[in-house]
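**Q** Here you go, this is final-v4.tsv (TSV, C-alpha atoms (C1' of nucleotides)).
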chain	number	residue	atom	x	y	z
U	1	MET	CA	0.00	0.00	0.00
U	2	THR	CA	1.44	3.38	-0.98
U	3	LEU	CA	0.78	6.74	0.64
U	4	ASP	CA	-0.44	7.99	-2.70
U	5	ASN	CA	-3.01	5.25	-2.94
U	6	LEU	CA	-4.27	6.00	0.53
U	7	LEU	CA	-4.54	9.73	-0.06
U	8	LYS	CA	-6.31	9.19	-3.34
U	9	THR	CA	-8.85	6.80	-1.86
U	10	LEU	CA	-9.53	9.10	1.05
U	11	HIS	CA	-9.93	12.07	-1.22
U	12	THR	CA	-12.37	10.23	-3.44
U	13	ALA	CA	-14.39	9.36	-0.37
U	14	LYS	CA	-14.58	13.08	0.52
U	15	CYS	CA	-12.53	12.60	3.65
U	16	ARG	CA	-10.51	15.48	5.03
U	17	MET	CA	-6.90	15.29	6.02
U	18	THR	CA	-6.44	16.31	9.63
U	19	SER	CA	-3.15	16.22	11.49
U	20	GLN	CA	-4.45	13.34	13.58
U	21	ARG	CA	-5.48	11.31	10.58
U	22	ARG	CA	-2.17	11.99	8.93
U	23	THR	CA	-0.28	10.76	11.99
U	24	ILE	CA	-2.34	7.58	12.12
U	25	ILE	CA	-1.70	6.89	8.45
U	26	ASP	CA	2.02	7.55	8.82
U	27	VAL	CA	2.28	5.15	11.72
U	28	LEU	CA	0.28	2.50	9.91
U	29	LEU	CA	2.53	2.84	6.87
U	30	ALA	CA	5.65	2.65	9.00
U	31	ASN	CA	4.29	-0.58	10.46
U	32	GLU	CA	2.73	-2.06	7.40
U	33	ASN	CA	4.10	-5.49	8.20
U	34	THR	CA	2.99	-5.58	11.80
U	35	LEU	CA	-0.33	-6.28	13.41
U	36	LEU	CA	-0.98	-3.47	15.86
U	37	SER	CA	-3.62	-3.37	18.54
U	38	ALA	CA	-5.63	-0.16	18.69
U	39	ASP	CA	-3.89	0.67	21.94
U	40	HIS	CA	-0.42	0.09	20.56
U	41	LEU	CA	-1.25	2.20	17.55
U	42	LEU	CA	-2.50	4.98	19.81
U	43	LYS	CA	0.75	4.98	21.79
U	44	LEU	CA	2.86	5.11	18.63
U	45	CYS	CA	0.76	7.98	17.33
U	46	GLN	CA	1.05	9.90	20.58
U	47	GLN	CA	4.84	9.79	20.31
U	48	LYS	CA	4.53	11.82	17.11
U	49	ASN	CA	1.58	13.89	18.11
U	50	PRO	CA	0.35	14.00	21.70
U	51	ASP	CA	-2.95	15.53	20.60
U	52	ILE	CA	-4.49	12.28	19.62
U	53	ASN	CA	-7.30	10.47	21.19
U	54	THR	CA	-8.45	6.87	21.56
U	55	THR	CA	-11.78	7.56	19.91
U	56	THR	CA	-10.06	9.17	16.95
U	57	VAL	CA	-7.88	6.13	16.44
U	58	TYR	CA	-10.89	3.82	16.49
U	59	ARG	CA	-12.85	6.01	14.15
U	60	ASN	CA	-10.02	6.16	11.67
U	61	LEU	CA	-9.52	2.43	11.81
U	62	GLU	CA	-13.22	2.03	11.17
U	63	LEU	CA	-13.04	4.42	8.23
U	64	LEU	CA	-10.04	2.71	6.66
U	65	ASP	CA	-11.75	-0.61	7.17
U	66	ALA	CA	-14.90	0.63	5.44
U	67	LEU	CA	-12.71	1.74	2.54
U	68	LYS	CA	-11.27	-1.79	2.42
U	69	LEU	CA	-7.83	-0.52	3.27
U	70	MET	CA	-7.47	-2.45	6.53
U	71	TYR	CA	-6.77	-6.04	7.35
U	72	THR	CA	-8.00	-7.11	10.78
U	73	VAL	CA	-7.56	-10.32	12.76
U	74	ASN	CA	-8.06	-11.19	16.37
U	75	ILE	CA	-4.76	-10.98	18.23
U	76	ASP	CA	-6.25	-12.71	21.23
U	77	ARG	CA	-9.53	-13.48	22.91
U	78	ASN	CA	-10.60	-9.86	23.08
U	79	THR	CA	-8.27	-7.68	21.08
U	80	MET	CA	-8.21	-6.98	17.38
U	81	GLY	CA	-5.01	-6.54	15.41
U	82	TYR	CA	-4.98	-3.99	12.61
U	83	LYS	CA	-2.74	-3.37	9.64
U	84	LEU	CA	-3.01	-1.90	6.19
U	85	VAL	CA	-3.78	-4.36	3.42
U	86	CYS	CA	-0.57	-5.07	1.62
U	87	HIS	CA	-1.28	-6.43	-1.83
U	88	ASP	CA	-4.20	-6.63	-4.13
U	89	TYR	CA	-4.00	-10.32	-4.80
U	90	HIS	CA	-5.29	-12.98	-2.45
U	91	HIS	CA	-2.73	-14.42	-0.04
U	92	HIS	CA	-2.20	-15.44	3.56
U	93	HIS	CA	0.20	-14.62	6.39
U	94	MET	CA	2.65	-15.86	8.93
U	95	ILE	CA	2.26	-13.97	12.20
U	96	CYS	CA	4.81	-13.68	14.99
U	97	LEU	CA	3.19	-14.51	18.31
U	98	ILE	CA	5.49	-12.12	20.13
U	99	CYS	CA	5.90	-8.94	18.10
U	100	GLY	CA	3.00	-9.28	15.68
U	101	LYS	CA	5.18	-9.08	12.60
U	102	MET	CA	3.47	-10.51	9.55
U	103	GLU	CA	4.86	-11.85	6.35
U	104	ALA	CA	2.88	-12.76	3.30
U	105	ILE	CA	2.81	-16.33	2.04
U	106	GLU	CA	2.19	-16.44	-1.67
U	107	TYR	CA	0.13	-19.52	-1.33
U	108	CYS	CA	-3.50	-20.35	-0.90
U	109	PRO	CA	-4.43	-23.92	-0.09
U	110	ILE	CA	-8.05	-23.57	-1.07
U	111	SER	CA	-8.21	-25.58	-4.25
U	112	PRO	CA	-11.32	-25.87	-6.43
U	113	ASP	CA	-11.23	-29.48	-5.33
U	114	LEU	CA	-11.70	-28.52	-1.70
U	115	ILE	CA	-14.57	-26.22	-2.56
U	116	ASP	CA	-16.15	-29.06	-4.52
U	117	GLN	CA	-15.87	-31.37	-1.55
U	118	ALA	CA	-17.59	-28.76	0.59
U	119	THR	CA	-20.31	-28.26	-1.97
U	120	ALA	CA	-20.88	-32.01	-2.17
U	121	ARG	CA	-21.51	-31.93	1.55
U	122	GLY	CA	-24.05	-29.16	1.27
U	123	PHE	CA	-21.89	-26.25	2.30
U	124	SER	CA	-21.57	-23.24	0.05
U	125	ILE	CA	-18.29	-21.60	0.94
U	126	THR	CA	-18.01	-17.84	0.80
U	127	ASN	CA	-14.65	-17.18	2.36
U	128	HIS	CA	-11.90	-18.64	4.45
U	129	ASN	CA	-8.98	-17.76	6.60
U	130	LEU	CA	-5.57	-19.22	7.09
U	131	GLU	CA	-2.84	-17.96	9.33
U	132	LEU	CA	0.42	-19.57	10.35
U	133	TYR	CA	1.58	-18.65	13.84
U	134	GLY	CA	5.08	-18.88	15.18
U	135	TYR	CA	8.15	-16.83	16.00
U	136	CYS	CA	9.97	-14.52	13.67
U	137	HIS	CA	13.73	-14.69	13.51
U	138	THR	CA	14.32	-11.80	15.91
U	139	CYS	CA	11.90	-12.94	18.57
U	140	HIS	CA	13.00	-16.55	18.25
U	141	THR	CA	16.59	-15.53	18.92
U	142	ASP	CA	15.51	-13.48	21.92
U	143	LEU	CA	13.80	-16.53	23.39
U	144	LEU	CA	17.04	-18.51	23.62
W	145	MET	CA	-15.54	-36.62	22.36
W	146	THR	CA	-17.34	-39.09	24.61
W	147	LEU	CA	-18.94	-38.42	27.98
W	148	ASP	CA	-16.68	-41.06	29.47
W	149	ASN	CA	-13.59	-39.28	28.24
W	150	LEU	CA	-14.78	-36.00	29.68
W	151	LEU	CA	-15.62	-37.47	33.06
W	152	LYS	CA	-12.31	-39.26	33.21
W	153	THR	CA	-10.29	-36.16	32.36
W	154	LEU	CA	-12.19	-34.07	34.88
W	155	HIS	CA	-11.73	-36.67	37.57
W	156	THR	CA	-8.01	-36.88	36.93
W	157	ALA	CA	-7.82	-33.10	37.27
W	158	LYS	CA	-9.48	-33.34	40.71
W	159	CYS	CA	-12.56	-31.52	39.51
W	160	ARG	CA	-15.88	-32.16	41.21
W	161	MET	CA	-19.08	-32.95	39.41
W	162	THR	CA	-21.78	-30.46	40.30
W	163	SER	CA	-25.23	-30.36	38.79
W	164	GLN	CA	-24.35	-27.15	36.98
W	165	ARG	CA	-21.20	-28.59	35.49
W	166	ARG	CA	-23.08	-31.69	34.45
W	167	THR	CA	-25.71	-29.62	32.66
W	168	ILE	CA	-23.07	-27.62	30.83
W	169	ILE	CA	-21.32	-30.79	29.70
W	170	ASP	CA	-24.59	-32.36	28.56
W	171	VAL	CA	-25.48	-29.32	26.49
W	172	LEU	CA	-22.01	-29.14	24.99
W	173	LEU	CA	-22.21	-32.82	24.05
W	174	ALA	CA	-25.65	-32.38	22.54
W	175	ASN	CA	-24.22	-29.58	20.41
W	176	GLU	CA	-20.85	-30.99	19.64
W	177	ASN	CA	-21.07	-29.91	16.02
W	178	THR	CA	-22.13	-26.35	16.68
W	179	LEU	CA	-20.21	-23.30	17.74
W	180	LEU	CA	-22.08	-21.77	20.65
W	181	SER	CA	-21.58	-18.36	22.14
W	182	ALA	CA	-21.32	-18.27	25.91
W	183	ASP	CA	-24.69	-16.60	26.03
W	184	HIS	CA	-26.36	-19.15	23.80
W	185	LEU	CA	-24.87	-21.95	25.88
W	186	LEU	CA	-26.16	-20.31	29.05
W	187	LYS	CA	-29.69	-20.12	27.66
W	188	LEU	CA	-29.63	-23.77	26.59
W	189	CYS	CA	-28.39	-24.77	30.04
W	190	GLN	CA	-31.05	-22.75	31.79
W	191	GLN	CA	-33.74	-24.67	29.90
W	192	LYS	CA	-32.53	-27.81	31.63
W	193	ASN	CA	-31.58	-26.27	34.91
W	194	PRO	CA	-32.65	-22.71	35.81
W	195	ASP	CA	-30.09	-22.60	38.63
W	196	ILE	CA	-27.22	-21.76	36.43
W	197	ASN	CA	-25.29	-18.62	36.24
W	198	THR	CA	-23.30	-16.71	33.61
W	199	THR	CA	-20.15	-16.79	35.70
W	200	THR	CA	-20.43	-20.53	36.14
W	201	VAL	CA	-20.68	-21.04	32.40
W	202	TYR	CA	-17.60	-18.94	31.78
W	203	ARG	CA	-15.66	-20.66	34.51
W	204	ASN	CA	-16.49	-24.08	33.16
W	205	LEU	CA	-15.59	-23.07	29.64
W	206	GLU	CA	-12.30	-21.80	30.97
W	207	LEU	CA	-11.71	-25.06	32.82
W	208	LEU	CA	-12.51	-27.25	29.82
W	209	ASP	CA	-10.28	-25.04	27.73
W	210	ALA	CA	-7.40	-25.43	30.18
W	211	LEU	CA	-7.90	-29.19	29.97
W	212	LYS	CA	-7.64	-28.94	26.18
W	213	LEU	CA	-11.19	-30.15	25.75
W	214	MET	CA	-12.51	-27.01	24.07
W	215	TYR	CA	-12.17	-25.55	20.64
W	216	THR	CA	-12.68	-21.79	20.48
W	217	VAL	CA	-12.87	-19.37	17.57
W	218	ASN	CA	-14.08	-15.84	17.30
W	219	ILE	CA	-17.63	-15.77	15.98
W	220	ASP	CA	-17.38	-12.06	15.37
W	221	ARG	CA	-15.45	-9.00	16.45
W	222	ASN	CA	-16.31	-9.42	20.09
W	223	THR	CA	-17.82	-12.81	20.72
W	224	MET	CA	-16.15	-16.16	21.12
W	225	GLY	CA	-17.64	-19.40	19.86
W	226	TYR	CA	-17.11	-22.54	21.91
W	227	LYS	CA	-17.44	-26.25	21.21
W	228	LEU	CA	-15.91	-29.46	22.46
W	229	VAL	CA	-12.95	-30.75	20.49
W	230	CYS	CA	-14.27	-33.51	18.32
W	231	HIS	CA	-11.52	-35.85	17.24
W	232	ASP	CA	-8.03	-36.61	18.29
W	233	TYR	CA	-6.48	-36.21	14.89
W	234	HIS	CA	-5.65	-32.87	13.37
W	235	HIS	CA	-8.24	-31.42	11.01
W	236	HIS	CA	-10.10	-28.24	10.09
W	237	HIS	CA	-13.69	-27.05	9.81
W	238	MET	CA	-16.36	-25.51	7.68
W	239	ILE	CA	-18.49	-23.12	9.72
W	240	CYS	CA	-21.97	-21.91	8.89
W	241	LEU	CA	-22.12	-18.13	9.20
W	242	ILE	CA	-25.76	-18.27	10.23
W	243	CYS	CA	-26.31	-21.16	12.65
W	244	GLY	CA	-22.73	-21.90	13.66
W	245	LYS	CA	-22.87	-25.50	12.55
W	246	MET	CA	-19.44	-26.95	11.96
W	247	GLU	CA	-18.31	-29.87	9.89
W	248	ALA	CA	-14.89	-31.37	9.90
W	249	ILE	CA	-12.78	-31.36	6.75
W	250	GLU	CA	-10.38	-34.25	6.72
W	251	TYR	CA	-7.73	-32.15	5.12
W	252	CYS	CA	-4.87	-30.02	6.23
W	253	PRO	CA	-3.11	-27.87	3.67
W	254	ILE	CA	-0.02	-27.32	5.75
W	255	SER	CA	2.54	-29.39	3.94
W	256	PRO	CA	6.11	-29.92	5.16
W	257	ASP	CA	7.00	-27.92	2.10
W	258	LEU	CA	5.12	-24.89	3.36
W	259	ILE	CA	6.77	-25.18	6.76
W	260	ASP	CA	10.13	-25.37	5.01
W	261	GLN	CA	9.39	-22.21	3.08
W	262	ALA	CA	8.53	-20.46	6.33
W	263	THR	CA	11.68	-21.73	8.00
W	264	ALA	CA	13.76	-20.54	5.08
W	265	ARG	CA	12.33	-17.11	5.68
W	266	GLY	CA	13.25	-17.17	9.36
W	267	PHE	CA	9.87	-18.04	10.82
W	268	SER	CA	9.51	-21.04	13.06
W	269	ILE	CA	5.90	-22.09	12.83
W	270	THR	CA	4.21	-23.49	15.91
W	271	ASN	CA	0.60	-23.69	14.85
W	272	HIS	CA	-1.94	-22.54	12.33
W	273	ASN	CA	-5.59	-22.16	11.74
W	274	LEU	CA	-7.83	-22.66	8.77
W	275	GLU	CA	-11.54	-22.24	8.64
W	276	LEU	CA	-13.90	-22.22	5.70
W	277	TYR	CA	-16.94	-20.01	6.13
W	278	GLY	CA	-20.20	-20.26	4.28
W	279	TYR	CA	-23.75	-21.47	4.57
W	280	CYS	CA	-24.85	-24.94	5.50
W	281	HIS	CA	-27.54	-26.62	3.46
W	282	THR	CA	-30.39	-25.70	5.82
W	283	CYS	CA	-29.48	-22.05	6.21
W	284	HIS	CA	-28.71	-21.69	2.52
W	285	THR	CA	-32.18	-22.95	1.65
W	286	ASP	CA	-33.73	-20.57	4.15
W	287	LEU	CA	-32.00	-17.67	2.46
W	288	LEU	CA	-33.80	-18.24	-0.82
K	289	DC	C1'	-19.31	-38.05	59.26
K	290	DT	C1'	-16.08	-34.46	58.70
K	291	DA	C1'	-12.55	-31.65	56.95
K	292	DT	C1'	-10.93	-29.37	53.07
K	293	DA	C1'	-10.61	-27.74	48.84
K	294	DA	C1'	-13.45	-26.98	44.72
K	295	DA	C1'	-17.39	-24.66	42.88
K	296	DT	C1'	-21.00	-21.40	42.89
K	297	DG	C1'	-23.58	-16.82	42.95
K	298	DC	C1'	-23.63	-12.22	43.25
K	299	DA	C1'	-22.12	-7.81	42.36
K	300	DA	C1'	-18.70	-4.99	40.96
K	301	DA	C1'	-14.67	-4.41	37.81
K	302	DT	C1'	-12.29	-4.68	33.39
K	303	DG	C1'	-11.16	-3.65	28.86
K	304	DA	C1'	-12.03	-3.06	24.06
K	305	DC	C1'	-14.86	-0.58	21.59
K	306	DT	C1'	-19.07	2.64	20.33
K	307	DG	C1'	-22.35	6.55	20.33
K	308	DG	C1'	-24.18	11.30	21.49
K	309	DC	C1'	-23.19	15.85	21.29
K	310	DA	C1'	-21.01	20.18	21.23
K	311	DA	C1'	-16.80	22.38	19.57
K	312	DT	C1'	-13.35	22.62	15.93
K	313	DA	C1'	-11.40	22.84	11.49
K	314	DA	C1'	-10.72	21.32	6.43
K	315	DG	C1'	-11.25	22.71	2.01
K	316	DG	C1'	-14.21	23.91	-1.98
K	317	DA	C1'	-17.04	27.91	-3.72
K	318	DG	C1'	-17.08	32.45	-4.52
J	319	DC	C1'	-8.58	35.42	1.22
J	320	DT	C1'	-13.12	34.59	3.46
J	321	DC	C1'	-17.13	32.08	4.29
J	322	DC	C1'	-19.93	28.14	4.72
J	323	DT	C1'	-20.83	23.48	4.80
J	324	DT	C1'	-19.90	19.36	6.70
J	325	DA	C1'	-16.30	16.14	8.16
J	326	DT	C1'	-13.73	15.36	12.23
J	327	DT	C1'	-12.40	15.59	16.85
J	328	DG	C1'	-12.63	15.22	22.02
J	329	DC	C1'	-14.88	14.19	25.92
J	330	DC	C1'	-17.76	11.36	28.42
J	331	DA	C1'	-20.94	8.09	29.23
J	332	DG	C1'	-22.63	3.65	27.62
J	333	DT	C1'	-22.19	-1.38	25.78
J	334	DC	C1'	-21.15	-5.88	25.90
J	335	DA	C1'	-18.47	-10.02	26.60
J	336	DT	C1'	-15.77	-11.63	29.94
J	337	DT	C1'	-13.28	-11.69	34.61
J	338	DT	C1'	-12.51	-11.13	39.56
J	339	DG	C1'	-13.21	-10.74	44.69
J	340	DC	C1'	-15.40	-12.66	48.26
J	341	DA	C1'	-18.57	-14.96	51.08
J	342	DT	C1'	-21.32	-19.14	50.86
J	343	DT	C1'	-22.27	-23.74	49.48
J	344	DT	C1'	-21.17	-28.43	48.29
J	345	DA	C1'	-18.62	-32.61	46.52
J	346	DT	C1'	-15.78	-36.11	47.78
J	347	DA	C1'	-11.58	-38.39	49.93
J	348	DG	C1'	-10.43	-40.38	54.11
How does this structure look as structure tokens?
**A**
Amino acid sequence: MTLDNLLKTLHTAKCRMTSQRRTIIDVLLANENTLLSADHLLKLCQQKNPDINTTTVYRNLELLDALKLMYTVNIDRNTMGYKLVCHDYHHHHMICLICGKMEAIEYCPISPDLIDQATARGFSITNHNLELYGYCHTCHTDLL
Amino acid sequence: MTLDNLLKTLHTAKCRMTSQRRTIIDVLLANENTLLSADHLLKLCQQKNPDINTTTVYRNLELLDALKLMYTVNIDRNTMGYKLVCHDYHHHHMICLICGKMEAIEYCPISPDLIDQATARGFSITNHNLELYGYCHTCHTDLL
DNA sequence: CTATAAATGCAAATGACTGGCAATAAGGAG
DNA sequence: CTCCTTATTGCCAGTCATTTGCATTTATAG
């Protein structure tokens, strides 16, 4: 996701560029390979711009999500992880259980064959998810 | 999952069998192919035994989870779905977006090859998830 | 039968997130 | 540049699923 793309999409949607929104976008771009909780994102934003509020962060995440610019997954039982979508084509991710770093896997296991099997059993499949969890190199080294 | 198995595991863990716990287990067994929210489970339990409390349901779900007897997935942004684990061997599920019915898929796409790719990129994978979402036959028919 | 440790119920707390509303400010029109 | 419309923000109170503290009850080993 490029800054240009983001700005263009926001402009088309008649959204205005406030300093808060700009900070949030900058931080999201700087962390485009990491799943951030709303709280973590807020803290990172406040380092750049103390005038930023929890509600504002949530509302911007909601906006970006509505514009299909966000990827969200549950980090744990009750917290969502947010990041900008990274490519246009369908793919999955590996996620570090410690730092939240994500890397794309250019692979989707959902073959037509699997869909057919599901259909044969009366299920019409609309979507799916697949995530690999583990430890990234940095965090794995820290564990030892 | 059989009742016998459950009772045995609970006994080994020095857990006591109360009427509330028994009701919860019965309802979970009767719905072993359906993802239930805590609230839905509570309501089903109360039909059998009005003397049952939200906290008790949560505490029993937590216990069964700690004993590795539960399977949990997020139903939506802020609600967990719970069901008993169903087999001993590794597999995945199709989940109905409307009624929560789940069916096992005897298939796991995570090949040694994929793990190798991840390793080559510095990730050590510990686990993964895969769920197919869609509509089961009954709910799909109802939609039309 | 009794002691003890597990389990329950209640009410209050938590924590992520949302909504109402008044105040502020972006940015296009003129 | 100024004005006006309307998006956006901040604050605060509210939700909703889930958890915790604590006093009370109850299962079960001995």
**Q** Chain W residues within 12 Å of chain K, counting all atoms listed in the file: which ones, as JSON, numbers by chain?
**A** {"W": [157, 158, 159, 160, 161, 162, 163, 164, 165, 195, 196, 197, 198, 199, 200, 201, 202, 203, 204, 207, 221, 222, 223]}
**Q** For CA of Asp260 in chain W and CA of Met80 in chain U, quote the distance in Å rounded to one decimal.
**A**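 These atoms are spaced 28.8 Å apart.
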**Q** Can you provide chain W as a compact mmCIF listing (two decimals) with C-alpha atoms, in the frame of the given file, superposed onto chain U by least squares across all C-alpha atoms matched in order?
**A**
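The file below, selection-v6.txt, is the result:
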# COMPACT_ATOMS: atom_id res chain seq x y z
CA MET W 145 -0.15 -0.15 -0.05
CA THR W 146 1.21 3.24 -1.09
CA LEU W 147 0.51 6.61 0.49
CA ASP W 148 -0.78 7.80 -2.86
CA ASN W 149 -3.31 5.01 -3.01
CA LEU W 150 -4.53 5.78 0.48
CA LEU W 151 -4.88 9.49 -0.16
CA LYS W 152 -6.69 8.86 -3.40
CA THR W 153 -9.16 6.42 -1.85
CA LEU W 154 -9.84 8.76 1.05
CA HIS W 155 -10.36 11.69 -1.26
CA THR W 156 -12.79 9.75 -3.41
CA ALA W 157 -14.74 8.87 -0.27
CA LYS W 158 -15.03 12.59 0.58
CA CYS W 159 -12.90 12.20 3.67
CA ARG W 160 -10.92 15.16 4.94
CA MET W 161 -7.27 15.06 5.84
CA THR W 162 -6.73 16.16 9.41
CA SER W 163 -3.42 16.15 11.21
CA GLN W 164 -4.61 13.29 13.39
CA ARG W 165 -5.66 11.18 10.45
CA ARG W 166 -2.38 11.91 8.73
CA THR W 167 -0.42 10.76 11.76
CA ILE W 168 -2.41 7.55 12.00
CA ILE W 169 -1.82 6.81 8.32
CA ASP W 170 1.90 7.54 8.63
CA VAL W 171 2.25 5.19 11.57
CA LEU W 172 0.26 2.48 9.84
CA LEU W 173 2.46 2.80 6.75
CA ALA W 174 5.62 2.69 8.84
CA ASN W 175 4.34 -0.54 10.37
CA GLU W 176 2.76 -2.11 7.37
CA ASN W 177 4.20 -5.51 8.21
CA THR W 178 3.14 -5.56 11.83
CA LEU W 179 -0.15 -6.26 13.49
CA LEU W 180 -0.80 -3.44 15.92
CA SER W 181 -3.38 -3.33 18.65
CA ALA W 182 -5.43 -0.16 18.79
CA ASP W 183 -3.65 0.77 21.97
CA HIS W 184 -0.20 0.21 20.55
CA LEU W 185 -1.12 2.27 17.50
CA LEU W 186 -2.38 5.06 19.74
CA LYS W 187 0.90 5.16 21.66
CA LEU W 188 2.95 5.26 18.46
CA CYS W 189 0.78 8.09 17.15
CA GLN W 190 1.08 10.06 20.35
CA GLN W 191 4.87 10.01 20.01
CA LYS W 192 4.48 11.97 16.80
CA ASN W 193 1.51 14.02 17.79
CA PRO W 194 0.34 14.19 21.43
CA ASP W 195 -3.01 15.63 20.34
CA ILE W 196 -4.50 12.35 19.45
CA ASN W 197 -7.24 10.52 21.11
CA THR W 198 -8.31 6.89 21.56
CA THR W 199 -11.68 7.52 19.97
CA THR W 200 -10.06 9.10 16.95
CA VAL W 201 -7.84 6.08 16.44
CA TYR W 202 -10.80 3.73 16.60
CA ARG W 203 -12.85 5.87 14.27
CA ASN W 204 -10.08 6.00 11.71
CA LEU W 205 -9.51 2.28 11.92
CA GLU W 206 -13.20 1.80 11.36
CA LEU W 207 -13.13 4.14 8.37
CA LEU W 208 -10.12 2.47 6.76
CA ASP W 209 -11.77 -0.87 7.37
CA ALA W 210 -14.97 0.27 5.67
CA LEU W 211 -12.86 1.38 2.72
CA LYS W 212 -11.34 -2.11 2.59
CA LEU W 213 -7.90 -0.76 3.39
CA MET W 214 -7.45 -2.63 6.66
CA TYR W 215 -6.69 -6.19 7.54
CA THR W 216 -7.86 -7.23 11.00
CA VAL W 217 -7.36 -10.40 13.01
CA ASN W 218 -7.84 -11.20 16.63
CA ILE W 219 -4.54 -11.00 18.47
CA ASP W 220 -6.04 -12.71 21.47
CA ARG W 221 -9.36 -13.41 23.13
CA ASN W 222 -10.28 -9.77 23.41
CA THR W 223 -7.96 -7.64 21.34
CA MET W 224 -7.97 -6.97 17.64
CA GLY W 225 -4.82 -6.54 15.59
CA TYR W 226 -4.85 -4.04 12.75
CA LYS W 227 -2.65 -3.44 9.72
CA LEU W 228 -3.02 -2.01 6.25
CA VAL W 229 -3.77 -4.50 3.51
CA CYS W 230 -0.52 -5.08 1.73
CA HIS W 231 -1.07 -6.41 -1.76
CA ASP W 232 -3.90 -6.62 -4.16
CA TYR W 233 -3.62 -10.31 -4.81
CA HIS W 234 -4.97 -12.94 -2.48
CA HIS W 235 -2.49 -14.42 -0.02
CA HIS W 236 -2.01 -15.43 3.61
CA HIS W 237 0.34 -14.63 6.48
CA MET W 238 2.73 -15.91 9.06
CA ILE W 239 2.33 -14.00 12.32
CA CYS W 240 4.85 -13.73 15.12
CA LEU W 241 3.17 -14.50 18.43
CA ILE W 242 5.51 -12.15 20.26
CA CYS W 243 6.01 -8.97 18.21
CA GLY W 244 3.12 -9.26 15.77
CA LYS W 245 5.33 -9.13 12.72
CA MET W 246 3.63 -10.55 9.67
CA GLU W 247 5.04 -11.95 6.48
CA ALA W 248 3.08 -12.83 3.42
CA ILE W 249 2.99 -16.40 2.16
CA GLU W 250 2.44 -16.52 -1.55
CA TYR W 251 0.28 -19.56 -1.22
CA CYS W 252 -3.36 -20.32 -0.84
CA PRO W 253 -4.40 -23.86 -0.06
CA ILE W 254 -7.99 -23.40 -1.09
CA SER W 255 -8.16 -25.38 -4.28
CA PRO W 256 -11.24 -25.54 -6.52
CA ASP W 257 -11.31 -29.14 -5.45
CA LEU W 258 -11.80 -28.20 -1.82
CA ILE W 259 -14.57 -25.78 -2.74
CA ASP W 260 -16.20 -28.55 -4.75
CA GLN W 261 -16.08 -30.88 -1.77
CA ALA W 262 -17.75 -28.21 0.34
CA THR W 263 -20.40 -27.60 -2.29
CA ALA W 264 -21.09 -31.31 -2.51
CA ARG W 265 -21.79 -31.23 1.19
CA GLY W 266 -24.23 -28.35 0.85
CA PHE W 267 -21.99 -25.51 1.95
CA SER W 268 -21.49 -22.54 -0.30
CA ILE W 269 -18.18 -21.03 0.67
CA THR W 270 -17.77 -17.28 0.52
CA ASN W 271 -14.42 -16.75 2.17
CA HIS W 272 -11.78 -18.30 4.34
CA ASN W 273 -8.88 -17.51 6.53
CA LEU W 274 -5.53 -19.09 7.11
CA GLU W 275 -2.82 -17.89 9.39
CA LEU W 276 0.38 -19.55 10.48
CA TYR W 277 1.53 -18.64 13.97
CA GLY W 278 5.01 -18.93 15.35
CA TYR W 279 8.10 -16.94 16.19
CA CYS W 280 9.99 -14.69 13.85
CA HIS W 281 13.75 -14.94 13.71
CA THR W 282 14.38 -12.04 16.10
CA CYS W 283 11.92 -13.12 18.76
CA HIS W 284 12.95 -16.75 18.47
CA THR W 285 16.56 -15.80 19.15
CA ASP W 286 15.50 -13.70 22.12
CA LEU W 287 13.74 -16.70 23.60
CA LEU W 288 16.94 -18.70 23.88
**Q** Using all atoms listed in the file, select each residue of chain W with any atom at most 7 Å away from an atom of chain U, and give the selection as a PyMOL selection string.
**A** chain W and resi 222+253+266-281
**Q** Determine, counting all atoms listed in the file, which protein, DNA and RNA residues have an atom within 10 Å of an atom of Leu6 in chain U; residues of the same chain fewer than 3 positions away are not included. Present the result as a PyMOL selection string.
**A** chain U and resi 1-3+9-12+25+29+64+67+69+84
**Q** Hey, could you pull the box centre and edge lengths for range 337-346 of chain J, axis-aligned, 6 Å padding per side, all listed atoms, to one decimal in Å, as AutoDock Vina command-line options?
**A**
--center_x -17.4 --center_y -23.4 --center_z 42.8 --size_x 21.8 --size_y 37.4 --size_z 28.5
**Q** When you draw a straight line from CA of Tyr215 in chain W to CA of Gly244 in chain W, how long is it in Å?
**A**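 That distance, rounded to one decimal, is 13.2 Å.
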**Q** Once you count all atoms listed in the file, which residues of chain J turn out to be within 12 Å of chain U? Could you give them as a PyMOL selection string?
**A** chain J and resi 324-330+334-337
**Q** Could you jot down the CA of Cys86 in chain U to CA of Leu35 in chain U separation for me, Å, one decimal place?
**A**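 Computing it gives 11.9 Å between the two atoms.
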**Q** From the list W:Lys245, W:Lys227, W:His184, W:His235, which residue is nearest Glu206 in chain W when using only C-alpha atoms?
**A**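 The shortest atom-to-atom distance to Glu206 in chain W comes from W:Lys227.
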